[in-house]
Amino acid sequence: MKFALPGVVALGLFARLLWFCYDPSLWNDEASLAWNIIKYDFSKIAVTPLDDLQAAPPGYLLVEKVFGGWGNYSELSLRLFSLLCGVAALLLFVKLSKQVLTGVGRLAAVALCSLSAPLIYHSGEVKQYETEVLATVVALWLALTLRERISLRQAVGAGVAAMLCVAFSNAAIFVLAGVFAVLLGHYLLEKKNAEAGRVAVTVALFSTAFLLYYFLLLQRNPNVQALKDGWGDHFAPLPVSRSGIVWYVRTGFFTLVDPLGISLDVSLPFLPARRAIRYLMAFSYPGVLLLVLGVVVFARRDRLIGAIVMAGLVTTFLASLLRQYPLNERLILFLAPMAYLLIGKAVELTSGEQANSQATPQKVWEMTTRFFSSGFFTLRVKPDQSNLPGSRQVRLVTRGLAVWLLGYVLFNFTVKLAEPKLFGGLEKYSQMREAIHFVNQHKQPTDPVYLMWNMGRFYDYYNYREQLNWVTVRGTDPRNEAHSKNEVAQHVVDQVQAQLAGSKRSWFLFQDLFSPVHYRDPKGTMHELQVPTAVLYENYMILEDKPHLTQTYTGHAATAYLVEQSN
């Protein structure tokens, strides 16, 4: 244990640095945000609605402007702040875990945080999500540090720290509101009115900062509402219908994969191709059981610490029920540290550690049975004491679940460490930079380059960085006015033919995998097909112009063609 904890932390720091140095091409949202950071100066970057439906906290944007300017807005300079936040979040989580967990439970939680593939990936991304993880860890650390006593000076200091969290994380308000509501309620129940008043000072400071931010910036930003509309399927419904229950099952499954990283990554290329088998293999059965067991153990051992750890989960869920925050993937990355602490609390049972409690594994088993029988069924079934497993059995089962879970995490980590591009997965890894370099090396100065409608963000960024100065034609989205798949395809043909007309040599730059074909039929019904729109371009190019395709580049999410017309 003496060397295990520093060892897993060192491994996590190494992986974050390795991914950062791998320096892949920007992907969609990164390219969009990077171009906004370049385009807007300091006086506008934090207060102006960004282009291409981008939104980020003002503090993050200002720091990115500074770091980017130092490095001529290179990918590495724009990703540096996320790396620093990822490192700080991991190191502070180690300190935080000491206030919550002991022994092997602490080691398990730190190992999950350190080796989590999603956390590693986002520590090398031009987006604010790793900053939000750091804000969560700071909020939890503040509340846990102040749970026994709080002076006025500490209250003001905590309020200032919380204000900084609000400035750098849009999601921080959910965690801050939750943990300090628990802290305020705790002092009121203990009739410590002076301490409760000081907590109120902290709450007043970060609440004022958030309200100013909300009414002056967020409420006036049209991108925020557009993003909420776009993520509409990811707001939590009431589980009162079949579709609502299916939503919870689906969301829970994919949350275990990303952002928690405690399932096998379903995007790994060597898992079975059949989706049902792949998902059954990947599902984190031990993760679900340990999360539930962690809630029960906290309820038995230390309700105050448990309430602080889980408060952010509750407030975020309530916000989603009110359709104020979607629960999906990177948007809820900031909840990951809370889940790791819950799992760590369950893993404490493997060694029978009884710090801060008189609970035994036998009692935890009994309480778990009562919790589910009384909480989910009308009939309150009292467990059969004679059939309960002994403490040794409970420890062995919990130990088996912990080893199983760690095996999933280590497998993901090892595979992606050996092949770093897998950290980005199918959707967040791009070779667009390589495709652009290929075109730039092989094109003639007068060759026009047709950019698929969503390629402008990439060209603008790399043109600024490398002074490409191409003659470009920017395509329009062929789906906008289409009422059938055939109409989408015809718009594609029209754009390609218009580009080829009068030009002996034309380059085409496409993005695969993203932007699936969709159209709204004459009745107004939206149809979405599991076919990337870029495939329509590529099919036409290959079928109609194959004799003229003289040079091609095919990379991940990036394709380039040179079409030479015969005389």
# chains A, B, ... in the order shown; residues from 1 in each chain; ligands from 1
call {"tool": "residues_around", "arguments": {"residues": "segment 226-243 of chain A", "least_positions_apart": "6", "cutoff": "8 Å", "atoms": "only C-alpha atoms", "output": "ChimeraX atom specification"}}
result
/A:53,317,320-321,323-328
call {"tool": "write_last_selection", "arguments": {"atoms": "all heavy atoms", "output": "short mmCIF file (atom, residue, chain, number, x, y, z; two decimals), in the first residue's frame"}}
result
data_model
loop_
_atom_site.label_atom_id
_atom_site.label_comp_id
_atom_site.auth_asym_id
_atom_site.auth_seq_id
_atom_site.Cartn_x
_atom_site.Cartn_y
_atom_site.Cartn_z
N LEU A 53 -21.87 27.46 -32.78
CA LEU A 53 -22.55 26.90 -31.61
C LEU A 53 -21.58 26.48 -30.51
O LEU A 53 -21.78 25.47 -29.83
CB LEU A 53 -23.41 25.70 -32.01
CG LEU A 53 -24.67 26.01 -32.82
CD1 LEU A 53 -25.43 24.73 -33.13
CD2 LEU A 53 -25.57 27.00 -32.12
N PHE A 317 -29.07 15.95 -11.40
CA PHE A 317 -30.22 15.18 -11.86
C PHE A 317 -31.50 16.03 -11.81
O PHE A 317 -32.31 16.01 -12.75
CB PHE A 317 -30.39 13.94 -10.99
CG PHE A 317 -31.62 13.14 -11.31
CD1 PHE A 317 -31.69 12.40 -12.48
CD2 PHE A 317 -32.70 13.13 -10.44
CE1 PHE A 317 -32.83 11.67 -12.79
CE2 PHE A 317 -33.83 12.39 -10.74
CZ PHE A 317 -33.90 11.66 -11.91
N SER A 320 -31.59 18.36 -14.65
CA SER A 320 -31.93 17.68 -15.89
C SER A 320 -33.44 17.42 -15.97
O SER A 320 -34.05 17.55 -17.04
CB SER A 320 -31.16 16.36 -16.01
OG SER A 320 -31.33 15.78 -17.28
N LEU A 321 -34.04 17.04 -14.86
CA LEU A 321 -35.49 16.85 -14.84
C LEU A 321 -36.22 18.14 -15.22
O LEU A 321 -37.28 18.11 -15.85
CB LEU A 321 -35.95 16.40 -13.45
CG LEU A 321 -35.81 14.91 -13.10
CD1 LEU A 321 -36.24 14.68 -11.66
CD2 LEU A 321 -36.64 14.04 -14.04
N ARG A 323 -35.09 20.19 -17.30
CA ARG A 323 -34.64 20.47 -18.66
C ARG A 323 -33.69 21.68 -18.71
O ARG A 323 -33.75 22.51 -19.62
CB ARG A 323 -35.84 20.70 -19.60
CG ARG A 323 -36.76 19.50 -19.67
CD ARG A 323 -37.81 19.65 -20.77
NE ARG A 323 -37.20 19.65 -22.09
CZ ARG A 323 -36.84 18.56 -22.76
NH1 ARG A 323 -37.00 17.36 -22.22
NH2 ARG A 323 -36.32 18.64 -23.98
N GLN A 324 -32.81 21.72 -17.72
CA GLN A 324 -31.81 22.78 -17.68
C GLN A 324 -30.41 22.27 -17.96
O GLN A 324 -29.51 23.06 -18.22
CB GLN A 324 -31.83 23.47 -16.30
CG GLN A 324 -33.12 24.19 -16.00
CD GLN A 324 -33.45 25.25 -17.04
OE1 GLN A 324 -32.63 26.12 -17.34
NE2 GLN A 324 -34.65 25.18 -17.59
N TYR A 325 -30.22 20.94 -17.90
CA TYR A 325 -28.87 20.41 -18.14
C TYR A 325 -28.99 18.98 -18.64
O TYR A 325 -29.59 18.12 -17.98
CB TYR A 325 -28.02 20.44 -16.87
CG TYR A 325 -26.54 20.32 -17.17
CD1 TYR A 325 -25.81 21.44 -17.56
CD2 TYR A 325 -25.89 19.10 -17.07
CE1 TYR A 325 -24.45 21.34 -17.86
CE2 TYR A 325 -24.54 18.99 -17.36
CZ TYR A 325 -23.82 20.11 -17.76
OH TYR A 325 -22.49 20.00 -18.05
N PRO A 326 -28.42 18.68 -19.81
CA PRO A 326 -28.48 17.32 -20.35
C PRO A 326 -27.50 16.38 -19.67
O PRO A 326 -26.42 16.80 -19.25
CB PRO A 326 -28.14 17.51 -21.83
CG PRO A 326 -27.31 18.76 -21.86
CD PRO A 326 -27.77 19.63 -20.74
N LEU A 327 -27.89 15.13 -19.55
CA LEU A 327 -27.02 14.12 -18.94
C LEU A 327 -26.46 13.24 -20.05
O LEU A 327 -27.08 12.26 -20.48
CB LEU A 327 -27.83 13.26 -17.95
CG LEU A 327 -28.52 14.01 -16.81
CD1 LEU A 327 -29.27 13.02 -15.92
CD2 LEU A 327 -27.52 14.81 -16.00
N ASN A 328 -25.29 13.59 -20.51
CA ASN A 328 -24.69 12.80 -21.58
C ASN A 328 -23.20 13.03 -21.66
O ASN A 328 -22.73 14.17 -21.67
CB ASN A 328 -25.32 13.16 -22.93
CG ASN A 328 -24.88 12.21 -24.03
OD1 ASN A 328 -25.08 11.01 -23.95
ND2 ASN A 328 -24.27 12.75 -25.06
#
call {"tool": "select_by_dssp", "arguments": {"residues": "segment 170-377 of chain A", "states": "helix (DSSP H, G or I)", "output": "PyMOL selection string"}}
result
chain A and resi 172-189+193-218+222-230+232-234+242-257+275-282+285-301+303-321+329-351+361-376
call {"tool": "atom_distance", "arguments": {"atom1": "atom CA of Thr552 of chain A", "atom2": "atom CA of Met452 of chain A"}}
result
15.6 Å
call {"tool": "residues_around", "arguments": {"residues": "segment 101-116 of chain A", "least_positions_apart": "2", "cutoff": "9 Å", "atoms": "only C-alpha atoms", "output": "PyMOL selection string"}}
result
chain A and resi 1+4-5+8-13+15+90+93-94+96-99+118-121+259-262+336-337+339-351+353+355+402+406+409-410+412-413
call {"tool": "residues_around", "arguments": {"residues": "Leu401 of chain A", "least_positions_apart": "2", "cutoff": "10 Å", "atoms": "only C-alpha atoms", "output": "ChimeraX atom specification"}}
result
/A:284-290,346-347,350,395-399,403-407
call {"tool": "residues_around", "arguments": {"residues": "segment 26-32 of chain A", "least_positions_apart": "2", "cutoff": "7 Å", "atoms": "only C-alpha atoms", "output": "CSV table (one decimal) with C-alpha atoms, in the first residue's frame"}}
result
chain,number,residue,atom,x,y,z
A,24,PRO,CA,-3.4,14.5,-32.6
A,34,ALA,CA,-9.8,27.1,-31.4
A,35,TRP,CA,-10.8,29.3,-34.3
A,36,ASN,CA,-13.0,31.3,-32.0
A,52,ASP,CA,-20.4,27.5,-34.7
A,126,VAL,CA,-9.2,22.1,-26.4
A,127,LYS,CA,-12.4,22.1,-24.4
A,428,LYS,CA,-12.9,12.4,-31.0
A,429,TYR,CA,-9.9,11.3,-33.0
A,430,SER,CA,-9.3,13.0,-36.4
A,457,ARG,CA,-13.5,25.3,-39.2
A,458,PHE,CA,-10.5,23.1,-39.9
A,461,TYR,CA,-7.6,27.1,-38.1
call {"tool": "closest_residue", "arguments": {"among": "A:Val309, A:Ala161, A:Ala435, A:Leu152", "to": "Ala135 of chain A", "atoms": "only C-alpha atoms"}}
result
A:Ala161
call {"tool": "closest_residue", "arguments": {"among": "A:Leu268, A:Asn221, A:His186, A:Thr136", "to": "Lys416 of chain A", "atoms": "only C-alpha atoms"}}
result
A:Leu268
call {"tool": "closest_residue", "arguments": {"among": "A:Pro57, A:Gln495, A:Val182, A:Met281", "to": "Tyr214 of chain A", "atoms": "only C-alpha atoms"}}
result
A:Pro57
call {"tool": "closest_residue", "arguments": {"among": "A:Ile308, A:Ala482, A:Leu562, A:Val394", "to": "Leu293 of chain A", "atoms": "only C-alpha atoms"}}
result
A:Val394
call {"tool": "atom_distance", "arguments": {"atom1": "atom CA of Val156 of chain A", "atom2": "atom CA of Ile173 of chain A"}}
result
17.1 Å
call {"tool": "select_by_dssp", "arguments": {"residues": "segment 488-524 of chain A", "states": "strand (DSSP E)", "output": "list in words"}}
result
Arg505, Ser506, Trp507, Phe508, Leu509, Phe510, Pro516, Val517, His518, Tyr519 and Arg520 of chain A
call {"tool": "write_last_selection", "arguments": {"atoms": "C-alpha atoms", "output": "short mmCIF file (atom, residue, chain, number, x, y, z; two decimals), in the first residue's frame"}}
result
data_model
loop_
_atom_site.label_atom_id
_atom_site.label_comp_id
_atom_site.auth_asym_id
_atom_site.auth_seq_id
_atom_site.Cartn_x
_atom_site.Cartn_y
_atom_site.Cartn_z
CA ARG A 505 -7.85 19.76 -61.53
CA SER A 506 -10.03 19.94 -58.41
CA TRP A 507 -9.40 18.79 -54.87
CA PHE A 508 -12.16 17.62 -52.53
CA LEU A 509 -11.78 17.49 -48.75
CA PHE A 510 -14.39 15.50 -46.82
CA PRO A 516 -25.35 11.62 -40.73
CA VAL A 517 -27.89 12.01 -43.52
CA HIS A 518 -31.16 13.49 -42.36
CA TYR A 519 -34.09 15.19 -44.02
CA ARG A 520 -37.54 16.47 -43.17
#
call {"tool": "closest_residue", "arguments": {"among": "A:Arg392, A:Arg79, A:Arg149, A:Lys485", "to": "Ala194 of chain A", "atoms": "only C-alpha atoms"}}
result
A:Arg149
call {"tool": "closest_residue", "arguments": {"among": "A:Ile45, A:Val179, A:Leu543, A:Ala171", "to": "Leu335 of chain A", "atoms": "only C-alpha atoms"}}
result
A:Ala171
call {"tool": "atom_distance", "arguments": {"atom1": "atom CA of Thr48 of chain A", "atom2": "atom CA of Lys65 of chain A"}}
result
13.9 Å
